[in-house]
$ cat work-v9.cif   # mmCIF, C-alpha atoms
data_protein
#
loop_
_atom_site.label_atom_id
_atom_site.label_comp_id
_atom_site.auth_asym_id
_atom_site.auth_seq_id
_atom_site.Cartn_x
_atom_site.Cartn_y
_atom_site.Cartn_z
CA MET A 1 107.54 74.45 58.05
CA GLY A 2 109.26 77.37 59.83
CA GLU A 3 106.20 79.53 59.14
CA LEU A 4 103.89 77.00 60.81
CA SER A 5 106.16 76.91 63.83
CA THR A 6 105.96 80.71 64.13
CA LYS A 7 102.16 80.60 63.87
CA ILE A 8 101.97 77.97 66.60
CA LYS A 9 104.29 80.00 68.85
CA THR A 10 102.20 83.14 68.25
CA GLY A 11 99.00 81.23 69.03
CA ILE A 12 100.39 79.83 72.26
CA LEU A 13 101.62 83.27 73.34
CA PHE A 14 98.21 84.79 72.53
CA PHE A 15 96.49 82.02 74.51
CA ILE A 16 98.71 82.57 77.58
CA ILE A 17 98.18 86.33 77.51
CA SER A 18 94.40 85.83 77.14
CA ILE A 19 94.31 83.49 80.15
CA GLY A 20 96.26 86.07 82.17
CA ILE A 21 93.84 88.87 81.27
CA VAL A 22 90.79 86.73 82.05
CA THR A 23 92.31 85.74 85.42
CA LEU A 24 93.05 89.38 86.23
CA PHE A 25 89.47 90.46 85.47
CA PHE A 26 88.17 87.51 87.49
CA LEU A 27 90.22 88.55 90.52
CA ILE A 28 89.16 92.18 90.27
CA GLY A 29 85.50 91.38 89.49
CA ASN A 30 85.09 88.89 92.32
CA ASN A 31 86.17 91.36 94.97
CA THR A 32 89.06 89.21 96.17
CA GLY A 33 90.84 92.18 97.64
CA PHE A 34 93.13 92.34 94.61
CA LYS A 35 93.54 96.00 93.68
CA PHE A 36 95.80 98.09 91.55
CA THR A 37 96.88 100.72 94.01
CA ILE A 38 100.00 102.76 94.12
CA GLN A 39 100.81 104.06 97.55
CA PRO A 40 102.23 107.56 97.55
CA PRO A 41 105.71 107.84 99.00
CA ILE A 42 106.08 108.80 102.63
CA THR A 43 107.26 112.38 102.75
CA LYS A 44 108.40 115.05 105.16
CA GLY A 45 105.73 116.03 107.63
CA ALA A 46 104.15 112.56 107.80
CA LYS A 47 103.88 110.62 111.04
CA ALA A 48 106.57 107.93 110.97
CA PRO A 49 104.99 104.45 110.91
CA ASP A 50 105.84 102.42 113.98
CA PHE A 51 107.65 99.09 113.64
CA SER A 52 109.27 96.46 115.79
CA PHE A 53 112.27 94.32 114.77
CA PRO A 54 114.82 92.32 116.72
CA ASP A 55 118.26 93.77 117.33
CA LEU A 56 121.44 91.71 117.19
CA ASP A 57 120.80 90.45 120.74
CA GLY A 58 117.31 89.24 119.81
CA LYS A 59 115.52 92.01 121.74
CA ASN A 60 112.56 93.55 119.91
CA VAL A 61 113.04 97.27 119.34
CA SER A 62 110.22 99.59 118.26
CA LEU A 63 110.39 103.09 116.87
CA SER A 64 107.88 104.13 119.54
CA ASP A 65 110.49 103.24 122.20
CA PHE A 66 112.31 106.44 121.22
CA LYS A 67 109.67 109.16 121.65
CA GLY A 68 111.42 112.32 122.72
CA LYS A 69 114.55 111.45 120.72
CA ILE A 70 115.76 112.32 117.25
CA VAL A 71 115.94 109.09 115.23
CA LEU A 72 117.98 108.40 112.13
CA LEU A 73 116.22 105.42 110.53
CA ASN A 74 118.55 103.94 107.93
CA ILE A 75 117.23 101.12 105.71
CA TRP A 76 120.16 99.19 104.30
CA ALA A 77 121.73 95.84 103.38
CA THR A 78 125.22 94.36 103.69
CA TRP A 79 125.34 93.61 99.94
CA CYS A 80 124.57 97.24 99.01
CA GLY A 81 127.70 99.16 97.96
CA PRO A 82 126.28 102.65 98.65
CA CYS A 83 125.09 101.43 102.09
CA VAL A 84 128.58 100.23 102.96
CA GLU A 85 129.98 103.55 101.72
CA GLU A 86 127.85 105.67 104.06
CA MET A 87 128.21 103.54 107.21
CA PRO A 88 131.43 105.19 108.50
CA SER A 89 129.78 108.61 108.33
CA ILE A 90 126.71 107.29 110.19
CA GLU A 91 129.08 105.98 112.87
CA ARG A 92 130.72 109.43 113.15
CA LEU A 93 127.29 111.09 113.45
CA TYR A 94 126.25 108.56 116.09
CA ASN A 95 129.45 109.10 118.10
CA LYS A 96 128.98 112.88 117.95
CA PHE A 97 125.44 112.80 119.40
CA LYS A 98 125.00 109.45 121.19
CA LYS A 99 125.07 111.07 124.63
CA GLU A 100 122.16 113.31 123.64
CA ASP A 101 118.57 112.46 122.69
CA PHE A 102 119.68 110.81 119.46
CA VAL A 103 119.55 107.24 118.18
CA VAL A 104 120.42 105.44 114.97
CA LEU A 105 118.18 102.54 113.96
CA ALA A 106 119.99 100.88 111.07
CA THR A 107 117.43 98.40 109.81
CA SER A 108 118.94 95.68 107.65
CA ILE A 109 116.82 93.93 105.03
CA ASP A 110 119.33 91.09 104.61
CA THR A 111 117.42 87.80 104.33
CA GLN A 112 120.19 86.00 106.23
CA GLY A 113 119.76 88.36 109.19
CA LYS A 114 122.20 88.16 112.08
CA LYS A 115 124.42 85.68 110.23
CA VAL A 116 125.61 88.46 107.89
CA VAL A 117 124.78 91.65 109.82
CA ASP A 118 126.66 90.82 113.04
CA PRO A 119 130.02 90.20 111.30
CA PHE A 120 129.43 93.27 109.10
CA MET A 121 128.96 95.49 112.16
CA ASP A 122 132.14 94.04 113.73
CA ILE A 123 134.30 94.31 110.61
CA HIS A 124 133.28 97.95 110.05
CA LYS A 125 133.48 98.80 113.78
CA LEU A 126 129.90 100.09 113.91
CA SER A 127 128.45 100.63 117.37
CA PHE A 128 124.97 101.99 116.65
CA LYS A 129 121.87 99.81 116.90
CA ALA A 130 121.28 97.40 114.01
CA LEU A 131 117.83 95.88 113.57
CA LEU A 132 117.00 92.76 111.55
CA ASP A 133 114.13 92.75 109.06
CA LYS A 134 114.69 89.50 107.15
CA LYS A 135 111.38 89.88 105.27
CA GLY A 136 112.08 93.45 104.18
CA SER A 137 108.70 94.60 105.49
CA ILE A 138 110.06 98.01 106.45
CA GLN A 139 110.44 98.75 102.75
CA ASN A 140 106.68 98.43 102.27
CA LEU A 141 105.92 100.26 105.50
CA TYR A 142 108.08 103.23 104.49
CA ARG A 143 107.44 102.78 100.74
CA THR A 144 111.11 102.86 99.84
CA THR A 145 112.45 102.57 96.33
CA GLY A 146 115.67 100.77 97.26
CA VAL A 147 118.58 100.93 99.66
CA PRO A 148 119.94 102.91 101.27
CA GLU A 149 117.08 105.17 102.26
CA SER A 150 117.10 107.18 105.45
CA PHE A 151 114.49 109.06 107.41
CA ILE A 152 115.16 111.66 110.09
CA ILE A 153 112.36 111.47 112.63
CA ASP A 154 111.84 114.25 115.15
CA LYS A 155 111.15 113.94 118.87
CA ASN A 156 107.39 113.76 118.20
CA GLY A 157 107.67 110.93 115.66
CA VAL A 158 107.29 113.08 112.54
CA ILE A 159 109.50 112.58 109.49
CA ILE A 160 111.45 115.78 108.99
CA GLU A 161 113.82 114.61 106.24
CA LYS A 162 114.07 111.75 103.77
CA VAL A 163 117.33 110.88 102.03
CA ILE A 164 117.47 108.48 99.09
CA GLY A 165 120.88 107.00 98.36
CA SER A 166 124.26 107.20 100.02
CA PHE A 167 124.94 110.35 102.03
CA ASP A 168 127.78 111.90 104.03
CA TRP A 169 126.24 112.03 107.51
CA SER A 170 129.35 113.55 109.07
CA ALA A 171 129.65 116.79 107.10
CA PRO A 172 129.84 119.89 109.35
CA LYS A 173 126.50 121.24 108.04
CA ILE A 174 124.85 117.90 108.90
CA PHE A 175 126.28 117.99 112.42
CA GLN A 176 124.86 121.51 112.75
CA TYR A 177 121.48 120.35 111.43
CA PHE A 178 121.27 117.59 114.06
CA LYS A 179 122.49 119.96 116.78
CA ASN A 180 119.64 122.35 115.87
CA GLN A 181 117.09 119.52 115.91
CA LEU A 182 118.30 118.29 119.28
CA GLU A 183 117.92 121.77 120.77
CA LYS A 184 114.21 121.82 119.90
CA PRO A 185 111.97 120.94 122.84
CA TYR A 186 110.00 117.70 123.00
CA ILE A 187 106.32 118.43 123.48
CA PRO A 188 104.51 115.16 124.18
CA ASN A 189 101.24 114.65 122.33
CA GLU A 190 98.36 113.96 124.64
CA GLY A 191 95.70 111.39 123.76
#
$ encode --input "work-v9.cif" --output "structure tokens"
Amino acid sequence: MGELSTKIKTGILFFIISIGIVTLFFLIGNNTGFKFTIQPPITKGAKAPDFSFPDLDGKNVSLSDFKGKIVLLNIWATWCGPCVEEMPSIERLYNKFKKEDFVVLATSIDTQGKKVVDPFMDIHKLSFKALLDKKGSIQNLYRTTGVPESFIIDKNGVIIEKVIGSFDWSAPKIFQYFKNQLEKPYIPNEG
């Protein structure tokens, strides 16, 4: 009796897998737009994709608002331990250069949005700009693998560094790196 039960289970599993394969071929064969594509990661030297998300005051903020500035785009979440770990160093970096052409856009992917991000920013005494992406669409746009991931974007909107994972943004060599970037001239692109 146990053997019959195993044969039935195997048959059902085979049937379900077969239906899945047939459905997959149907979707691909009928040109439904379903494709197996793997987007390459966004790397240094690429134009940073523009985006627009609300800040904690509800005002929409776009990356393109900051042409001519160095942008640290940090993709994070309140529930992410490594994100929490690096936030104080981002605050120190922000305080060091906030009076210059520098901005932090800390884009949260928390699905609860302002409800969790606003108290987080207060508790950790963070004063840089936090943006709310409750759908996590920035992760697809920037093809991230997780959180935190950060992108340093130059004055012309080009990604000049990508950092995966927690990072000490307030180390002396990092301060020097940002100082050097800020000293570079902004040459607006025409057209």
$ residues_around --input "work-v9.cif" --residues "range 136-152 of chain A" --least-positions-apart "3" --cutoff "6 Å" --atoms "only C-alpha atoms" --output "list in words"
Pro41, Val71, Leu72, Leu73, Asn74, Ile75, Trp76, Cys83, Ile109, Asp133, Ile159, Ile160, Glu161, Lys162, Val163, Ile164 and Gly165 of chain A
$ closest_residue --input "work-v9.cif" --among "A:Ile123, A:Val104, A:Val116, A:Ile187" --to "Ile70 in chain A" --atoms "all atoms listed in the file"
A:Val104
$ closest_residue --input "work-v9.cif" --among "A:Phe97, A:Gln112, A:Gly58, A:Phe53" --to "Asn180 in chain A" --atoms "all atoms listed in the file"
A:Phe97
$ residues_around --input "work-v9.cif" --residues "Glu86 in chain A" --least-positions-apart "2" --cutoff "8 Å" --atoms "all atoms listed in the file" --output "ChimeraX atom specification"
/A:82-84,88-90,166-169
$ atom_distance --input "work-v9.cif" --atom1 "CA of Val61 in chain A" --atom2 "CA of Leu93 in chain A"
20.7 Å
$ atom_distance --input "work-v9.cif" --atom1 "CA of Asp122 in chain A" --atom2 "CA of Trp79 in chain A"
15.4 Å
$ atom_distance --input "work-v9.cif" --atom1 "CA of Lys114 in chain A" --atom2 "CA of Asp55 in chain A"
8.6 Å
$ resolve_selection --input "work-v9.cif" --expression "the PyMOL selection byres ((chain A and resi 48) around 6)" --output "ChimeraX atom specification"
/A:47,49,157-159
$ closest_residue --input "work-v9.cif" --among "A:Ser108, A:Met121, A:Lys179, A:Asp101" --to "Pro54 in chain A" --atoms "all atoms listed in the file"
A:Ser108
